[in-house]
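K.L.:
Enclosed is the structure file final_19.tsv (TSV, C-alpha atoms and all ligand atoms).
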chain	number	residue	atom	x	y	z
F	1	MET	CA	-11.27	-11.35	-3.07
F	2	PRO	CA	-12.99	-8.01	-3.49
F	3	ALA	CA	-12.51	-5.79	-6.48
F	4	SER	CA	-11.01	-2.79	-4.76
F	5	LEU	CA	-9.39	-3.24	-1.41
F	6	ALA	CA	-9.35	0.41	-0.34
F	7	SER	CA	-13.15	0.61	-0.50
F	8	VAL	CA	-13.46	-2.55	1.59
F	9	PHE	CA	-11.37	-1.02	4.34
F	10	ALA	CA	-13.21	2.28	4.13
F	11	ARG	CA	-16.62	0.59	4.32
F	12	HIS	CA	-15.65	-1.65	7.22
F	13	LEU	CA	-14.26	1.32	9.12
F	14	GLN	CA	-17.56	3.10	8.59
F	15	MET	CA	-19.53	0.09	9.82
F	16	LYS	CA	-17.34	-1.15	12.67
F	17	CYS	CA	-15.41	1.93	13.83
F	18	PRO	CA	-17.70	4.86	13.02
F	19	GLN	CA	-15.86	7.04	15.56
F	20	LYS	CA	-12.59	6.73	13.58
F	21	SER	CA	-11.57	9.20	10.90
F	22	TYR	CA	-9.78	7.98	7.79
F	23	ALA	CA	-8.39	9.12	4.46
F	24	VAL	CA	-7.84	7.22	1.24
F	25	VAL	CA	-4.96	8.55	-0.84
F	26	GLU	CA	-4.88	7.58	-4.49
F	27	ALA	CA	-1.92	8.28	-6.79
F	28	ARG	CA	-4.04	8.42	-9.93
F	29	LYS	CA	-6.60	11.09	-10.72
F	30	VAL	CA	-9.48	8.62	-10.88
F	31	LEU	CA	-11.04	5.78	-8.94
F	32	GLY	CA	-10.96	2.17	-10.11
F	33	GLY	CA	-7.32	1.03	-10.01
F	34	THR	CA	-7.01	-2.16	-12.06
F	35	TRP	CA	-10.43	-1.70	-13.60
F	36	ASP	CA	-9.77	1.81	-14.79
F	37	LEU	CA	-6.18	1.21	-15.94
F	38	PHE	CA	-6.87	-1.75	-18.22
F	39	ARG	CA	-9.29	-1.06	-21.05
F	40	TYR	CA	-8.28	-3.60	-23.67
F	41	PRO	CA	-11.04	-5.31	-25.70
F	42	GLY	CA	-12.57	-8.29	-23.95
F	43	ILE	CA	-11.26	-7.48	-20.46
F	44	ARG	CA	-13.37	-9.24	-17.86
F	45	SER	CA	-13.25	-10.77	-14.40
F	46	ASP	CA	-11.82	-14.25	-14.00
F	47	SER	CA	-14.02	-15.01	-10.99
F	48	ASN	CA	-17.73	-15.12	-10.52
F	49	MET	CA	-18.76	-11.57	-9.56
F	50	HIS	CA	-21.09	-12.86	-6.86
F	51	VAL	CA	-17.95	-14.01	-5.06
F	52	TYR	CA	-15.60	-11.29	-6.31
F	53	GLY	CA	-18.00	-8.44	-5.43
F	54	TYR	CA	-18.38	-6.79	-2.04
F	55	THR	CA	-20.29	-8.68	0.65
F	56	PHE	CA	-21.80	-5.36	1.78
F	57	CYS	CA	-23.09	-4.59	-1.73
F	58	PRO	CA	-23.93	-7.78	-3.62
F	59	TRP	CA	-23.42	-7.95	-7.38
F	60	ILE	CA	-26.87	-8.02	-8.99
F	61	ASP	CA	-26.09	-7.87	-12.71
F	62	ASP	CA	-27.06	-10.93	-14.77
F	63	LYS	CA	-23.48	-11.38	-15.97
F	64	SER	CA	-21.53	-13.24	-13.30
F	65	ILE	CA	-18.30	-13.16	-15.35
F	66	ALA	CA	-18.41	-9.45	-16.02
F	67	PRO	CA	-16.75	-7.09	-18.50
F	68	GLY	CA	-14.28	-4.57	-17.03
F	69	GLU	CA	-16.58	-1.68	-17.90
F	70	LEU	CA	-19.36	-3.06	-15.64
F	71	ILE	CA	-16.90	-3.73	-12.81
F	72	LEU	CA	-15.61	-0.16	-13.01
F	73	ARG	CA	-19.16	1.18	-12.91
F	74	TYR	CA	-19.89	-1.02	-9.88
F	75	LEU	CA	-16.78	0.29	-8.05
F	76	LYS	CA	-17.84	3.88	-8.73
F	77	ASP	CA	-21.42	3.18	-7.64
F	78	VAL	CA	-20.22	1.59	-4.37
F	79	ALA	CA	-17.88	4.52	-3.62
F	80	SER	CA	-20.71	6.94	-4.24
F	81	LYS	CA	-23.49	4.97	-2.48
F	82	PHE	CA	-21.47	4.53	0.73
F	83	SER	CA	-19.98	8.05	0.66
F	84	ILE	CA	-16.46	6.67	0.29
F	85	SER	CA	-15.75	9.02	-2.63
F	86	LYS	CA	-15.60	12.10	-0.43
F	87	PHE	CA	-12.76	10.60	1.61
F	88	ILE	CA	-10.56	9.86	-1.42
F	89	GLN	CA	-7.76	12.31	-2.12
F	90	TYR	CA	-6.67	11.98	-5.75
F	91	ASN	CA	-3.25	12.66	-7.28
F	92	LYS	CA	-1.63	11.77	-3.97
F	93	ARG	CA	1.13	9.19	-4.06
F	94	VAL	CA	2.51	7.76	-0.81
F	95	SER	CA	6.29	7.84	-1.11
F	96	ARG	CA	7.39	7.20	2.46
F	97	ALA	CA	6.01	6.02	5.78
F	98	GLU	CA	7.83	6.35	9.09
F	99	TRP	CA	6.71	4.78	12.35
F	100	SER	CA	7.32	6.55	15.64
F	101	SER	CA	7.30	4.32	18.73
F	102	GLU	CA	7.18	7.45	20.88
F	103	THR	CA	3.91	8.73	19.47
F	104	ALA	CA	2.69	5.35	18.20
F	105	ARG	CA	1.84	6.97	14.88
F	106	TRP	CA	2.82	6.76	11.24
F	107	THR	CA	3.96	9.86	9.42
F	108	VAL	CA	3.18	9.39	5.75
F	109	THR	CA	4.83	11.50	3.06
F	110	ILE	CA	2.60	12.18	0.09
F	111	GLU	CA	3.73	13.46	-3.31
F	112	ASP	CA	1.22	15.41	-5.38
F	113	THR	CA	1.16	13.73	-8.80
F	114	GLY	CA	-0.76	16.72	-10.13
F	115	GLY	CA	2.27	18.97	-9.61
F	116	GLY	CA	1.35	20.44	-6.23
F	117	LYS	CA	3.44	20.49	-3.08
F	118	PRO	CA	4.20	17.35	-1.08
F	119	SER	CA	2.37	16.94	2.21
F	120	THR	CA	2.26	14.66	5.23
F	121	LEU	CA	-0.47	12.84	7.09
F	122	THR	CA	-0.24	11.07	10.41
F	123	CYS	CA	-2.24	8.04	11.48
F	124	ASN	CA	-2.16	5.22	13.97
F	125	TRP	CA	-3.04	2.59	11.36
F	126	LEU	CA	-1.69	2.50	7.83
F	127	GLN	CA	-3.26	0.11	5.36
F	128	MET	CA	-1.52	-0.33	2.03
F	129	CYS	CA	-3.95	-1.23	-0.77
F	130	THR	CA	-1.58	-0.66	-3.65
F	131	GLY	CA	-2.46	-3.65	-5.81
F	132	TYR	CA	0.24	-5.13	-8.01
F	133	PHE	CA	-0.01	-3.32	-11.35
F	134	PHE	CA	1.20	0.12	-10.25
F	135	LEU	CA	4.73	1.34	-9.58
H	201	LIG	C1	-8.21	-8.62	-16.44
H	201	LIG	C2	-8.13	-8.86	-14.95
H	201	LIG	C3	-9.03	-9.73	-14.38
H	201	LIG	C4	-8.95	-9.97	-13.00
H	201	LIG	N1	-9.88	-10.80	-12.46
H	201	LIG	C5	-9.81	-11.09	-11.15
H	201	LIG	C6	-10.76	-11.99	-10.56
H	201	LIG	O1	-11.67	-12.47	-11.23
H	201	LIG	N2	-10.63	-12.29	-9.25
H	201	LIG	C7	-9.64	-11.73	-8.49
H	201	LIG	O2	-9.56	-12.05	-7.29
H	201	LIG	N3	-8.75	-10.85	-9.02
H	201	LIG	C8	-8.80	-10.52	-10.31
H	201	LIG	N4	-7.91	-9.64	-10.85
H	201	LIG	C9	-6.88	-9.02	-10.00
H	201	LIG	C10	-7.27	-7.60	-9.57
H	201	LIG	O3	-6.21	-6.73	-9.79
H	201	LIG	C11	-7.64	-7.58	-8.10
H	201	LIG	O4	-8.66	-8.52	-7.85
H	201	LIG	C12	-8.22	-6.26	-7.56
H	201	LIG	O5	-8.92	-5.53	-8.55
H	201	LIG	C13	-7.13	-5.43	-7.02
H	201	LIG	O6	-7.72	-4.41	-6.26
H	201	LIG	P1	-6.84	-3.53	-5.32
H	201	LIG	O7	-7.70	-2.42	-4.83
H	201	LIG	O8	-6.14	-4.40	-4.33
H	201	LIG	O9	-5.67	-2.97	-6.26
H	201	LIG	P2	-5.70	-2.04	-7.59
H	201	LIG	O10	-6.98	-2.16	-8.34
H	201	LIG	O11	-4.43	-2.39	-8.32
H	201	LIG	O12	-5.64	-0.60	-7.00
H	201	LIG	C14	-4.49	-0.13	-6.32
H	201	LIG	C15	-4.57	1.37	-6.30
H	201	LIG	O13	-3.52	1.84	-5.48
H	201	LIG	C16	-2.95	3.01	-6.09
H	201	LIG	N5	-1.56	3.12	-5.62
H	201	LIG	C17	-0.54	2.27	-5.85
H	201	LIG	N6	0.57	2.70	-5.23
H	201	LIG	C18	0.22	3.85	-4.58
H	201	LIG	C19	0.95	4.78	-3.76
H	201	LIG	N7	2.25	4.61	-3.46
H	201	LIG	N8	0.28	5.86	-3.28
H	201	LIG	C20	-1.06	6.04	-3.56
H	201	LIG	N9	-1.77	5.19	-4.35
H	201	LIG	C21	-1.14	4.12	-4.84
H	201	LIG	C22	-3.05	2.74	-7.58
H	201	LIG	O14	-3.03	3.94	-8.33
H	201	LIG	C23	-4.40	2.00	-7.68
H	201	LIG	O15	-5.48	2.86	-7.95
H	201	LIG	C24	-7.96	-9.34	-12.21
H	201	LIG	C25	-7.05	-8.45	-12.80
H	201	LIG	C26	-7.16	-8.20	-14.15
H	201	LIG	C27	-6.22	-7.21	-14.78
Output the structure of this file as structure tokens.
P.N.:
Amino acid sequence: MPASLASVFARHLQMKCPQKSYAVVEARKVLGGTWDLFRYPGIRSDSNMHVYGYTFCPWIDDKSIAPGELILRYLKDVASKFSISKFIQYNKRVSRAEWSSETARWTVTIEDTGGGKPSTLTCNWLQMCTGYFFL
């Protein structure tokens, strides 16, 4: 299982559907999800990073069971290297998604966790990569 699902989808869209546009909306103000949220001493991966890392960007550090800090740096490097970062909209929390059979599109309501106004996006594919540590 990869470290950050949203980047996997973004990268595969880039590689396999380069004609498609996409947006990644992130409720927090930073990238990293699990690996940014948890900072307790000794935090590390449970799996071998050569398996846990992205197939499109192999883990090359000597430590195969890696500390959280290295995993977070790897996630940031991948987002930057593959230009995923520029498609991430921070402080945007998805609060609602409505499907229209007429238009065959989702309308997604997005709250601005930075205090700005809510907004909407529409799309024909909606991929939830919300993890399991965030409410
Ligand atoms: C100490 C530790 C070690 C682990 N080791 C392993 C391991 O070795 N192997 C393994 O397979 N797994 C491991 N895990 C599990 C780990 O959580 C997942 O592998 C992986 O990092 C999850 O990535 P993700 O992108 O799916 O979710 P997350 O990293 O949880 O990211 C989800 C993101 O979605 C955002 N989000 C949530 N809801 C919304 C919303 N409504 N609108 C907008 N954004 C939203 C969150 O802010 C967050 O940034 C470990 C977890 C911990 C804590």
K.L.:
Excluding same-chain residues fewer than 2 positions from Ala79 (chain F), what lies within 12 Å of it counting all atoms listed in the file, as a ChimeraX atom specification?
P.N.:
/F:3-11,24,30-32,54,56-57,72-77,81-88
K.L.:
Just to confirm, what's the straight-line distance from CA of Thr103 (chain F) to CA of Asn124 (chain F) in Å (one decimal)?
P.N.:
8.9 Å
K.L.:
Using only C-alpha atoms and all ligand atoms, what are the residues with an atom within 7 Å of ligand LIG 201 (chain H), set out as a PDB file with C-alpha atoms, in the coordinates of the input?
P.N.:
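Once written, pocket_25.pdb looks like this:
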ATOM      1  CA  MET F   1     -11.270 -11.350  -3.070  1.00  0.00           C
ATOM      2  CA  PRO F   2     -12.990  -8.010  -3.490  1.00  0.00           C
ATOM      3  CA  ALA F   3     -12.510  -5.790  -6.480  1.00  0.00           C
ATOM      4  CA  SER F   4     -11.010  -2.790  -4.760  1.00  0.00           C
ATOM      5  CA  LEU F   5      -9.390  -3.240  -1.410  1.00  0.00           C
ATOM      6  CA  ALA F   6      -9.350   0.410  -0.340  1.00  0.00           C
ATOM      7  CA  VAL F  25      -4.960   8.550  -0.840  1.00  0.00           C
ATOM      8  CA  GLU F  26      -4.880   7.580  -4.490  1.00  0.00           C
ATOM      9  CA  ALA F  27      -1.920   8.280  -6.790  1.00  0.00           C
ATOM     10  CA  ARG F  28      -4.040   8.420  -9.930  1.00  0.00           C
ATOM     11  CA  LEU F  31     -11.040   5.780  -8.940  1.00  0.00           C
ATOM     12  CA  GLY F  32     -10.960   2.170 -10.110  1.00  0.00           C
ATOM     13  CA  GLY F  33      -7.320   1.030 -10.010  1.00  0.00           C
ATOM     14  CA  THR F  34      -7.010  -2.160 -12.060  1.00  0.00           C
ATOM     15  CA  TRP F  35     -10.430  -1.700 -13.600  1.00  0.00           C
ATOM     16  CA  PHE F  38      -6.870  -1.750 -18.220  1.00  0.00           C
ATOM     17  CA  ILE F  43     -11.260  -7.480 -20.460  1.00  0.00           C
ATOM     18  CA  ARG F  44     -13.370  -9.240 -17.860  1.00  0.00           C
ATOM     19  CA  SER F  45     -13.250 -10.770 -14.400  1.00  0.00           C
ATOM     20  CA  ASP F  46     -11.820 -14.250 -14.000  1.00  0.00           C
ATOM     21  CA  SER F  47     -14.020 -15.010 -10.990  1.00  0.00           C
ATOM     22  CA  ASN F  48     -17.730 -15.120 -10.520  1.00  0.00           C
ATOM     23  CA  TYR F  52     -15.600 -11.290  -6.310  1.00  0.00           C
ATOM     24  CA  LYS F  92      -1.630  11.770  -3.970  1.00  0.00           C
ATOM     25  CA  ARG F  93       1.130   9.190  -4.060  1.00  0.00           C
ATOM     26  CA  VAL F  94       2.510   7.760  -0.810  1.00  0.00           C
ATOM     27  CA  SER F  95       6.290   7.840  -1.110  1.00  0.00           C
ATOM     28  CA  CYS F 129      -3.950  -1.230  -0.770  1.00  0.00           C
ATOM     29  CA  THR F 130      -1.580  -0.660  -3.650  1.00  0.00           C
ATOM     30  CA  GLY F 131      -2.460  -3.650  -5.810  1.00  0.00           C
ATOM     31  CA  TYR F 132       0.240  -5.130  -8.010  1.00  0.00           C
ATOM     32  CA  PHE F 133      -0.010  -3.320 -11.350  1.00  0.00           C
ATOM     33  CA  PHE F 134       1.200   0.120 -10.250  1.00  0.00           C
ATOM     34  CA  LEU F 135       4.730   1.340  -9.580  1.00  0.00           C
TER      35      LEU F 135
END
K.L.:
In terms of the shortest atom-to-atom distance over all atoms listed in the file, which of F:Ala104, F:Asn91, F:Trp99, F:Leu70 is closest to Ser119 (chain F)?
P.N.:
F:Asn91
K.L.:
Taking all atoms listed in the file into account, name the residue in F:Arg96, F:Glu69, F:Lys29, F:Pro18 that is nearest to Thr113 (chain F).
P.N.:
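With all atoms listed in the file as the atom set, the closest residue is F:Lys29.
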K.L.:
Measure the distance from CA of Glu111 (chain F) to CA of Tyr90 (chain F) in Å and round it to one decimal.
P.N.:
10.8 Å
K.L.:
Nearest to Leu126 (chain F) among F:Ala97, F:Ile110, F:Asp62, F:Ser80, with distances taken over all atoms listed in the file: which residue is it?
P.N.:
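Checking each of F:Ala97, F:Ile110, F:Asp62, F:Ser80 against Leu126 (chain F), counting all atoms listed in the file, the winner is F:Ala97.
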K.L.:
For the atom pair CA of Ser21 (chain F) and CA of Glu102 (chain F), what is the interatomic distance in Å to one decimal place?
P.N.:
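So the answer is 21.3 Å.
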K.L.:
Let me make sure I understand: among F:Met128, F:Ile60, F:Ile71, F:Cys123, which one has the smallest atom-to-atom distance to Trp106 (chain F) if we use only C-alpha atoms?
P.N.:
F:Cys123
K.L.:
Taking all atoms listed in the file into account, which of F:Lys20, F:Pro41, F:Gln127, F:Leu13 comes nearest Gly68 (chain F)?
P.N.:
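Looking at the shortest contact to Gly68 (chain F), the residue is F:Pro41.
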